[in-house]
Each structure stands twice: as C-alpha cells, then as structure tokens.
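Structure file structure.csv (CSV, C-alpha atoms and all ligand atoms) is printed below.
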```csv
chain,number,residue,atom,x,y,z
A,1,MET,CA,-14.9,-27.1,19.6
A,2,SER,CA,-12.9,-26.4,16.5
A,3,ALA,CA,-9.3,-25.3,16.4
A,4,PRO,CA,-8.6,-21.6,16.7
A,5,ILE,CA,-8.1,-19.6,13.5
A,6,ARG,CA,-4.4,-18.4,13.5
A,7,ILE,CA,-3.7,-15.0,12.0
A,8,GLY,CA,-0.1,-14.2,10.9
A,9,THR,CA,1.2,-10.6,11.1
A,10,ARG,CA,4.3,-8.6,11.3
A,11,GLY,CA,5.1,-7.3,14.7
A,12,SER,CA,5.1,-3.5,14.0
A,13,ALA,CA,2.6,-1.3,15.9
A,14,LEU,CA,0.9,-0.6,12.5
A,15,ALA,CA,0.7,-4.3,11.6
A,16,LEU,CA,-0.6,-5.3,15.0
A,17,ALA,CA,-3.2,-2.6,14.9
A,18,GLN,CA,-4.6,-3.6,11.5
A,19,THR,CA,-4.4,-7.3,12.3
A,20,GLY,CA,-6.2,-6.6,15.6
A,21,GLN,CA,-9.1,-5.1,13.6
A,22,ILE,CA,-9.2,-8.0,11.2
A,23,ALA,CA,-9.0,-10.5,14.1
A,24,ASP,CA,-12.0,-8.9,15.8
A,25,ARG,CA,-14.0,-9.3,12.5
A,26,VAL,CA,-12.8,-12.9,12.1
A,27,ARG,CA,-13.8,-13.7,15.7
A,28,ARG,CA,-17.3,-12.3,15.3
A,29,ALA,CA,-17.8,-14.0,11.9
A,30,SER,CA,-16.5,-17.4,13.0
A,31,GLY,CA,-17.8,-17.4,16.6
A,32,GLY,CA,-14.7,-19.2,17.5
A,33,GLU,CA,-11.2,-18.6,18.9
A,34,VAL,CA,-8.6,-16.5,17.1
A,35,GLU,CA,-4.9,-16.6,17.7
A,36,ILE,CA,-2.3,-14.0,16.5
A,37,VAL,CA,1.0,-15.2,15.3
A,38,THR,CA,3.7,-12.6,15.0
A,39,VAL,CA,6.3,-13.1,12.3
A,40,THR,CA,9.6,-11.1,12.1
A,41,THR,CA,10.5,-10.0,8.5
A,42,GLU,CA,13.7,-8.6,7.0
A,43,GLY,CA,11.9,-5.3,6.4
A,44,ASP,CA,11.4,-5.0,10.2
A,45,THR,CA,15.0,-5.8,11.3
A,46,SER,CA,17.1,-4.2,8.6
A,47,ARG,CA,18.1,-0.6,9.0
A,48,ALA,CA,19.0,-0.3,5.3
A,49,SER,CA,16.9,2.0,3.2
A,50,LEU,CA,13.8,0.4,1.7
A,51,SER,CA,15.0,1.1,-1.9
A,52,SER,CA,18.4,-0.6,-1.2
A,53,LEU,CA,16.6,-3.7,0.3
A,54,GLY,CA,15.2,-4.1,-3.2
A,55,GLY,CA,11.7,-3.2,-2.2
A,56,THR,CA,9.8,-6.1,-3.5
A,57,GLY,CA,8.6,-8.4,-0.8
A,58,VAL,CA,10.8,-7.6,2.1
A,59,PHE,CA,7.8,-7.4,4.4
A,60,ALA,CA,5.7,-10.1,2.7
A,61,SER,CA,8.0,-13.1,2.2
A,62,ALA,CA,8.4,-14.2,5.8
A,63,LEU,CA,4.6,-14.0,6.2
A,64,ARG,CA,4.1,-16.1,3.1
A,65,GLU,CA,6.6,-18.7,4.4
A,66,ALA,CA,4.7,-19.0,7.7
A,67,LEU,CA,1.5,-19.5,5.8
A,68,LEU,CA,2.9,-22.2,3.5
A,69,ALA,CA,4.5,-23.9,6.5
A,70,GLY,CA,1.1,-24.1,8.2
A,71,GLU,CA,2.1,-21.9,11.1
A,72,CYS,CA,-1.0,-19.8,10.5
A,73,ASP,CA,-4.3,-20.0,8.5
A,74,LEU,CA,-4.3,-16.5,7.1
A,75,VAL,CA,-2.0,-13.5,7.1
A,76,VAL,CA,-2.7,-9.8,7.0
A,77,HIS,CA,-0.6,-7.6,4.6
A,78,SER,CA,-0.7,-4.0,3.7
A,79,LEU,CA,-1.7,-4.5,0.1
A,80,LYS,CA,0.9,-2.0,-1.2
A,81,ASP,CA,3.7,-4.0,0.4
A,82,LEU,CA,2.6,-7.2,-1.3
A,83,PRO,CA,4.5,-8.1,-4.6
A,84,THR,CA,2.2,-8.3,-7.6
A,85,ALA,CA,3.5,-11.7,-8.5
A,86,PRO,CA,1.2,-14.3,-6.9
A,87,ALA,CA,2.9,-16.8,-4.5
A,88,GLU,CA,2.8,-20.4,-5.5
A,89,GLY,CA,0.2,-22.2,-3.4
A,90,LEU,CA,-1.3,-19.0,-2.0
A,91,ARG,CA,-4.1,-16.6,-3.0
A,92,ILE,CA,-5.6,-13.3,-1.8
A,93,GLY,CA,-8.6,-14.6,0.0
A,94,ALA,CA,-10.1,-11.3,0.8
A,95,VAL,CA,-9.5,-7.5,0.3
A,96,PRO,CA,-11.4,-5.6,2.9
A,97,LYS,CA,-12.8,-2.1,2.4
A,98,ARG,CA,-10.1,0.4,1.8
A,99,ALA,CA,-9.2,3.2,4.2
A,100,ASP,CA,-8.0,6.6,3.1
A,101,ALA,CA,-5.6,6.1,0.2
A,102,ARG,CA,-4.0,9.6,0.5
A,103,ASP,CA,-0.6,10.6,1.7
A,104,ALA,CA,-0.4,13.0,4.6
A,105,LEU,CA,2.1,15.7,5.5
A,106,ILE,CA,3.0,15.9,9.1
A,107,ALA,CA,4.8,19.2,9.6
A,108,ARG,CA,5.9,21.2,12.6
A,109,ASP,CA,3.8,24.2,13.6
A,110,GLY,CA,0.8,23.3,11.3
A,111,LEU,CA,2.8,24.0,8.2
A,112,THR,CA,1.7,22.7,4.7
A,113,LEU,CA,3.6,21.9,1.5
A,114,ALA,CA,2.9,25.4,0.3
A,115,THR,CA,4.0,27.1,3.6
A,116,LEU,CA,7.1,25.1,4.5
A,117,PRO,CA,10.0,27.6,4.5
A,118,GLU,CA,12.6,27.6,1.7
A,119,GLY,CA,15.0,24.7,2.1
A,120,ALA,CA,12.9,22.9,4.8
A,121,ARG,CA,14.0,19.4,5.7
A,122,VAL,CA,11.4,16.7,4.8
A,123,GLY,CA,11.8,12.9,5.4
A,124,THR,CA,10.5,10.1,3.2
A,125,GLY,CA,11.9,6.8,2.1
A,126,SER,CA,9.7,6.5,-0.9
A,127,PRO,CA,11.0,7.5,-4.4
A,128,ARG,CA,7.4,8.3,-5.5
A,129,ARG,CA,7.0,10.7,-2.6
A,130,VAL,CA,10.4,12.2,-3.3
A,131,ALA,CA,9.5,12.9,-7.0
A,132,GLN,CA,6.1,14.3,-6.1
A,133,LEU,CA,7.6,16.6,-3.5
A,134,ARG,CA,10.4,17.8,-5.8
A,135,SER,CA,8.0,18.4,-8.6
A,136,VAL,CA,6.3,21.2,-6.6
A,137,ARG,CA,9.0,22.2,-4.1
A,138,PRO,CA,12.5,21.6,-5.7
A,139,ASP,CA,14.0,23.7,-2.9
A,140,LEU,CA,13.2,21.1,-0.1
A,141,VAL,CA,16.0,19.1,1.4
A,142,LEU,CA,14.8,15.5,1.4
A,143,SER,CA,16.2,12.7,3.5
A,144,ASP,CA,15.6,9.0,3.3
A,145,ILE,CA,14.1,7.9,6.6
A,146,ARG,CA,13.2,4.4,7.9
A,147,GLY,CA,11.5,3.1,10.9
A,148,ASN,CA,8.0,2.6,12.2
A,149,ILE,CA,5.4,5.4,12.2
A,150,ASP,CA,6.2,6.6,15.7
A,151,THR,CA,9.9,6.8,14.9
A,152,ARG,CA,9.1,8.9,11.8
A,153,LEU,CA,6.7,11.2,13.7
A,154,GLY,CA,9.5,11.6,16.3
A,155,PHE,CA,11.8,13.2,13.7
A,156,VAL,CA,9.3,16.1,13.4
A,157,HIS,CA,8.3,16.3,17.0
A,158,GLY,CA,11.9,16.0,18.1
A,159,GLY,CA,12.9,18.8,15.7
A,160,SER,CA,15.4,17.0,13.5
A,161,LEU,CA,13.1,17.4,10.5
A,162,ASP,CA,10.5,20.0,9.5
A,163,ALA,CA,8.1,17.4,8.1
A,164,VAL,CA,7.6,13.8,7.0
A,165,VAL,CA,5.2,12.2,4.6
A,166,LEU,CA,3.2,9.1,5.6
A,167,ALA,CA,0.2,7.3,4.5
A,168,ALA,CA,-3.0,8.6,6.1
A,169,ALA,CA,-4.3,5.0,6.4
A,170,GLY,CA,-1.3,4.1,8.7
A,171,LEU,CA,-1.8,7.2,10.8
A,172,GLY,CA,-5.5,6.5,11.1
A,173,ARG,CA,-5.0,2.8,12.1
A,174,LEU,CA,-2.7,4.0,14.9
A,175,GLY,CA,-5.1,6.8,16.0
A,176,ARG,CA,-2.5,9.4,15.0
A,177,LEU,CA,-4.4,11.2,12.1
A,178,ASP,CA,-4.4,14.3,14.3
A,179,ALA,CA,-0.7,14.7,13.6
A,180,ALA,CA,-1.4,15.4,9.9
A,181,THR,CA,-1.2,19.0,8.9
A,182,GLU,CA,-2.2,18.4,5.2
A,183,LEU,CA,-3.8,15.5,3.2
A,184,PHE,CA,-2.6,15.4,-0.4
A,185,GLU,CA,-5.4,15.1,-3.0
A,186,LEU,CA,-5.0,12.0,-5.1
A,187,SER,CA,-5.4,14.0,-8.3
A,188,ALA,CA,-2.2,15.9,-7.6
A,189,HIS,CA,-0.4,13.2,-5.5
A,190,PRO,CA,-1.5,9.8,-6.6
A,191,SER,CA,-0.5,7.3,-4.0
A,192,ALA,CA,1.1,3.8,-4.3
A,193,PRO,CA,-1.0,1.1,-6.0
A,194,GLY,CA,-3.1,-0.5,-3.2
A,195,GLN,CA,-2.3,2.1,-0.6
A,196,GLY,CA,-4.8,2.1,2.2
A,197,ALA,CA,-6.0,-1.4,1.5
A,198,LEU,CA,-5.2,-4.7,3.3
A,199,ALA,CA,-4.9,-8.1,1.7
A,200,ILE,CA,-5.8,-11.3,3.6
A,201,GLU,CA,-3.7,-14.0,2.1
A,202,VAL,CA,-4.5,-17.7,2.5
A,203,ARG,CA,-3.4,-21.1,1.2
A,204,GLU,CA,-5.2,-22.0,-2.1
A,205,ARG,CA,-7.5,-24.5,-0.4
A,206,VAL,CA,-9.3,-23.4,2.8
A,207,PRO,CA,-11.9,-25.2,5.0
A,208,ALA,CA,-15.5,-24.1,4.3
A,209,ALA,CA,-15.7,-22.3,7.6
A,210,LEU,CA,-12.8,-20.1,6.7
A,211,ALA,CA,-14.1,-19.5,3.2
A,212,GLY,CA,-17.3,-18.1,4.8
A,213,VAL,CA,-15.2,-15.8,7.0
A,214,LEU,CA,-13.2,-14.5,4.0
A,215,GLN,CA,-16.4,-13.8,2.1
A,216,GLY,CA,-17.6,-11.6,5.0
A,217,LEU,CA,-14.3,-9.6,4.9
A,218,GLU,CA,-14.3,-9.1,1.1
A,219,HIS,CA,-15.1,-5.6,-0.4
A,220,ALA,CA,-15.6,-6.1,-4.1
A,221,SER,CA,-15.0,-2.5,-5.2
A,222,THR,CA,-11.8,-2.2,-3.2
A,223,ARG,CA,-10.5,-5.4,-4.8
A,224,LEU,CA,-11.4,-4.2,-8.3
A,225,ALA,CA,-9.8,-0.8,-7.8
A,226,ALA,CA,-6.7,-2.3,-6.2
A,227,THR,CA,-6.5,-4.9,-9.0
A,228,ALA,CA,-6.4,-2.2,-11.7
A,229,GLU,CA,-3.8,-0.2,-9.8
A,230,ARG,CA,-1.6,-3.3,-9.2
A,231,ALA,CA,-1.9,-4.4,-12.8
A,232,VAL,CA,-0.1,-1.2,-13.7
A,233,LEU,CA,2.9,-2.1,-11.6
A,234,ALA,CA,2.8,-5.7,-12.8
A,235,ARG,CA,2.8,-4.6,-16.5
A,236,LEU,CA,5.6,-2.0,-15.9
A,237,GLU,CA,7.5,-4.8,-14.1
A,238,ALA,CA,7.9,-2.3,-11.3
A,239,GLY,CA,8.3,-2.9,-7.6
A,240,CYS,CA,6.6,-1.2,-4.7
A,241,ALA,CA,9.6,1.2,-4.4
A,242,ALA,CA,9.2,2.5,-8.0
A,243,PRO,CA,8.2,6.1,-8.5
A,244,VAL,CA,4.7,5.1,-9.7
A,245,GLY,CA,1.4,6.4,-8.5
A,246,ALA,CA,-2.0,4.9,-9.4
A,247,THR,CA,-5.5,5.8,-8.4
A,248,ALA,CA,-8.6,3.8,-9.4
A,249,LEU,CA,-12.1,4.9,-8.5
A,250,ILE,CA,-15.4,3.2,-9.0
A,251,ASP,CA,-18.5,5.2,-9.7
A,252,SER,CA,-21.4,2.8,-9.9
A,253,ASP,CA,-20.2,0.5,-12.7
A,254,LEU,CA,-17.6,2.8,-14.1
A,255,LEU,CA,-13.9,2.0,-13.2
A,256,LEU,CA,-11.6,5.0,-13.7
A,257,LEU,CA,-7.8,4.6,-13.5
A,258,THR,CA,-5.0,7.2,-13.6
A,259,ALA,CA,-1.4,6.0,-13.5
A,260,THR,CA,1.7,8.3,-13.3
A,261,VAL,CA,5.4,7.6,-13.5
A,262,TYR,CA,7.9,10.2,-12.3
A,263,SER,CA,11.5,11.0,-12.9
A,264,ILE,CA,13.3,10.8,-9.6
A,265,ASP,CA,14.2,14.5,-9.7
A,266,GLY,CA,10.5,15.3,-10.1
A,267,SER,CA,11.1,17.4,-13.2
A,268,ARG,CA,9.1,15.1,-15.5
A,269,SER,CA,6.2,12.7,-15.3
A,270,LEU,CA,4.0,10.7,-17.6
A,271,SER,CA,0.3,10.0,-16.9
A,272,ALA,CA,-2.3,7.8,-18.5
A,273,SER,CA,-6.0,7.8,-17.7
A,274,HIS,CA,-8.5,5.1,-18.8
A,275,GLY,CA,-11.9,4.0,-17.9
A,276,LEU,CA,-14.4,1.2,-18.6
A,277,VAL,CA,-17.8,-0.2,-17.6
A,278,LEU,CA,-17.6,-3.1,-15.3
A,279,GLU,CA,-20.0,-5.9,-16.3
A,280,GLY,CA,-20.5,-9.6,-15.9
A,281,PRO,CA,-19.8,-11.9,-13.0
A,282,PRO,CA,-17.1,-11.1,-10.4
A,283,ALA,CA,-14.3,-13.0,-12.2
A,284,ALA,CA,-15.0,-11.2,-15.5
A,285,ARG,CA,-14.9,-7.8,-13.6
A,286,ILE,CA,-11.5,-8.7,-12.2
A,287,GLU,CA,-10.3,-9.5,-15.7
A,288,LEU,CA,-11.6,-6.2,-17.0
A,289,ALA,CA,-9.9,-4.3,-14.1
A,290,THR,CA,-6.6,-6.1,-14.9
A,291,GLU,CA,-6.9,-5.2,-18.6
A,292,LEU,CA,-7.5,-1.6,-17.7
A,293,GLY,CA,-4.3,-1.5,-15.6
A,294,HIS,CA,-2.3,-3.1,-18.5
A,295,ARG,CA,-3.7,-0.6,-21.0
A,296,ALA,CA,-2.6,2.3,-18.8
A,297,ALA,CA,0.8,0.7,-18.3
A,298,ASP,CA,1.2,0.0,-22.1
A,299,GLU,CA,0.5,3.6,-22.8
A,300,LEU,CA,3.1,4.8,-20.3
A,301,LEU,CA,5.7,2.4,-21.7
A,302,GLU,CA,5.0,3.6,-25.2
A,303,ALA,CA,5.5,7.2,-24.0
A,304,GLY,CA,8.9,6.3,-22.5
A,305,ALA,CA,8.2,5.4,-18.9
A,306,ALA,CA,11.0,2.9,-18.7
A,307,GLU,CA,13.5,5.6,-19.8
A,308,LEU,CA,12.0,8.2,-17.4
A,309,ALA,CA,12.5,6.3,-14.2
A,310,PRO,CA,14.2,3.3,-12.7
A,311,LEU,CA,11.2,0.9,-12.4
A,312,ARG,CA,13.0,-1.9,-10.6
B,1,LIG,N1,5.7,0.8,3.1
B,1,LIG,C1,5.3,1.1,4.5
B,1,LIG,C2,3.8,1.1,4.6
B,1,LIG,N2,3.1,0.0,4.2
B,1,LIG,C3,1.7,0.3,4.5
B,1,LIG,C4,1.7,1.5,5.2
B,1,LIG,C5,0.5,2.1,5.7
B,1,LIG,C6,-0.5,2.5,4.7
B,1,LIG,C7,-1.2,1.4,3.9
B,1,LIG,O1,-1.7,0.5,4.5
B,1,LIG,O2,-1.3,1.5,2.7
B,1,LIG,C8,3.0,2.0,5.2
B,1,LIG,C9,3.5,3.3,5.8
B,1,LIG,C10,3.4,4.5,4.9
B,1,LIG,O3,3.5,4.4,3.7
B,1,LIG,O4,3.4,5.6,5.5
```

Please express what this file holds, its structure, as structure tokens.
Amino acid sequence: MSAPIRIGTRGSALALAQTGQIADRVRRASGGEVEIVTVTTEGDTSRASLSSLGGTGVFASALREALLAGECDLVVHSLKDLPTAPAEGLRIGAVPKRADARDALIARDGLTLATLPEGARVGTGSPRRVAQLRSVRPDLVLSDIRGNIDTRLGFVHGGSLDAVVLAAAGLGRLGRLDAATELFELSAHPSAPGQGALAIEVRERVPAALAGVLQGLEHASTRLAATAERAVLARLEAGCAAPVGATALIDSDLLLLTATVYSIDGSRSLSASHGLVLEGPPAARIELATELGHRAADELLEAGAAELAPLR
C-alpha cells in the first residue's frame, strides 16, 4: 500500500470545508488514503485588521512552509489569498472549477444595498468592498471587521451591524448562502482577482500518481480566467488588500477581462476592458491570459491608477 496523500490546510471552518471537498476528490481519484494536516497561520491568530497585517500572504506563507518542509504533499488555498509572486520550489498544481465569484450582502430583515436605511452600519475589512459601497451609498457607516464567517454573520444576527459583505463562495461552502439578502452583479461590483476559486499548491516535482490526481482536479477555463485577473494585480504590484476588482469571463475561445481600481472614498474609479481569442496549446493560452491582464493593468497605470489608490 502506498503512503497517504497529506493535504495541508488552514484550520478555519471555511478552509476545512473547502479542503474536505478537495480531499474527497483526491481520495476518489487516487483510490488511496488521504490525511488532513492543519496549519495555523498569522492571518488566523492575529486580531489586527487585514490591511494592517500587510495583506500579502498572511494566510499563505505558513502553508507554503509546511509544503516546502515536506509536512504535506499539497495545500489548498483560496486563490484570492495567494500572493501573485510564485514561491520558490512550488507551483500551482491545479485550479479546480470556480464557485460563484460574486460578493454577497447579508443584511438584517432582508434589506438590500438600495433599501438599507440612511446611515446604516455595514461591516467589511476589504478596501475594495469599502470603495464599492461608498461609491453607491456614501451615507453608510462602514466598520473594519475581522474574524471567520460565523463571527461576521454574528454581527448582523446579534444586531451590532445592519449588514456585512462576504464572498458568496465562502457562504456557499459553509452551507450559509441562505443568509445572503443580495448578490452583487460582477459588472457593478467586480470582485477580487481569483475570488471563488481555489488553488492546489504542490512542490515543483511530484510523483506520477499525484500528477494524475492534479490533472483530474484541474479546470482549464478557471485557471485561464484567474490567470488574467491575477496578472492585473501582479502588474499593478498590488496586494490582495488593494482596492482592485477584476472579472474575467470565457465565452468559447474568447477571454474577456475588466479590471477596476477605486479611490478609497469611492468617489472615483478607473476601468479597463480587454479581450482576446485563446488559441494554441495550454501553455500558450496561459501566456495570452497573462498578457491580457498586463495590458489592462498598463492601461490603468497610464490613466493614473497608482495616484488614485494605495496599491500596496
Ligand atoms: N480574505 C478572506 C477570504 N478568502 C477567501 C474567502 C472566501 C471566498 C473565496 O474563496 O474566494 C474569504 C472570505 C470573504 O472574502 O468573504
């Protein structure tokens, strides 16, 4: 019998839920044993705001260290929390099919963004969500909240906030999508690059059996869309806490990308939309998706994105 495949994950309820789903698929594909290794990250233990922790990589680095140390064979990240800079000795072995990329409003009494009363208190720790909310509802009183999804939902259900904004994908993975009172359309509220997608990270060299499992988890369109979105962040030299939204869609062989940078007060934004036809072998398509993201970012930079918002 071969050794179990060890899967590294953060210990939050969301991380354990999404890793559990991947573990089931790995178990079925490999026909062998799977072991889950829980890794504690600074992003889990610190109560500081996400933006003050510096954003980039607070959730990812401990997982990467565990992988490099050989404590596990693959790790499951939320793709939007993974820094765009590749880690030395590691690669993204698979990007599974994306869940809903939209943000959700969870408000008391079935309220929506349009019907929240004047001056309503809304919680979010994300500068992008802050800017998007302020752009349509400058009257809202926004507070920077932290904590896992249950904690954040608790602010609304306990009455200390009127609403919070969370990723629909996270709610869905925890079976809490019923709490959402509105789903924001991506055209008006583009979400974070890679939101709703997972990344399976592995060491550069993997045994053939694991390579086969990774192939089964891979969803080519999701990887292409996420690659284009993340290339925007990389070219802007922006972190996951920057007020940047990006949405890539694939329609047969057409890849369409819209990227938006916001001023924190929501009063101004810059958008760039580009598209191209995907052709050639997989590696060439990834290259094209990357170029598309860079093109959108270059247009944003030329239009003054770096002066509009703190990108890092
Ligand atoms: N930064 C927190 C984070 N990282 C991934 C998700 C869940 C959604 C996803 O997998 O993209 C969340 C919660 C949220 O944004 O509400």

Between atom CA of Thr40 of chain A and atom CA of Arg176 of chain A, what distance in Å does the model show, to one decimal?
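The value is 24.0 Å.
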
Using only C-alpha atoms and all ligand atoms, what are the residues with an atom within 10 Å of ligand LIG 1 (chain B), set out as number ranges by chain?
A: 14-15, 18, 43, 50, 55, 58-59, 77-82, 98-104, 124-126, 129, 146-149, 152, 164-174, 191-199, 240-241

Work out how far apart atom CA of Arg268 of chain A and atom CA of Leu153 of chain A are and give it in Å to one decimal.
29.6 Å

Distance criterion (only C-alpha atoms): nearest to Ile5 of chain A out of A:Ala17, A:Ala289, A:Ala211, A:Ile250
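The shortest atom-to-atom distance to Ile5 of chain A comes from A:Ala211.
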
Find the residues around Ser2 of chain A up to 12 Å (only C-alpha atoms counted), leave out those fewer than 4 positions away in its own chain, and share them as number ranges by chain.
A: 30-34, 207, 209-210

Tell me, in Å to one decimal, how far atom CA of Tyr262 of chain A is from atom CA of Leu308 of chain A.
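Atom-to-atom, atom CA of Tyr262 of chain A and atom CA of Leu308 of chain A are spaced 6.8 Å apart.
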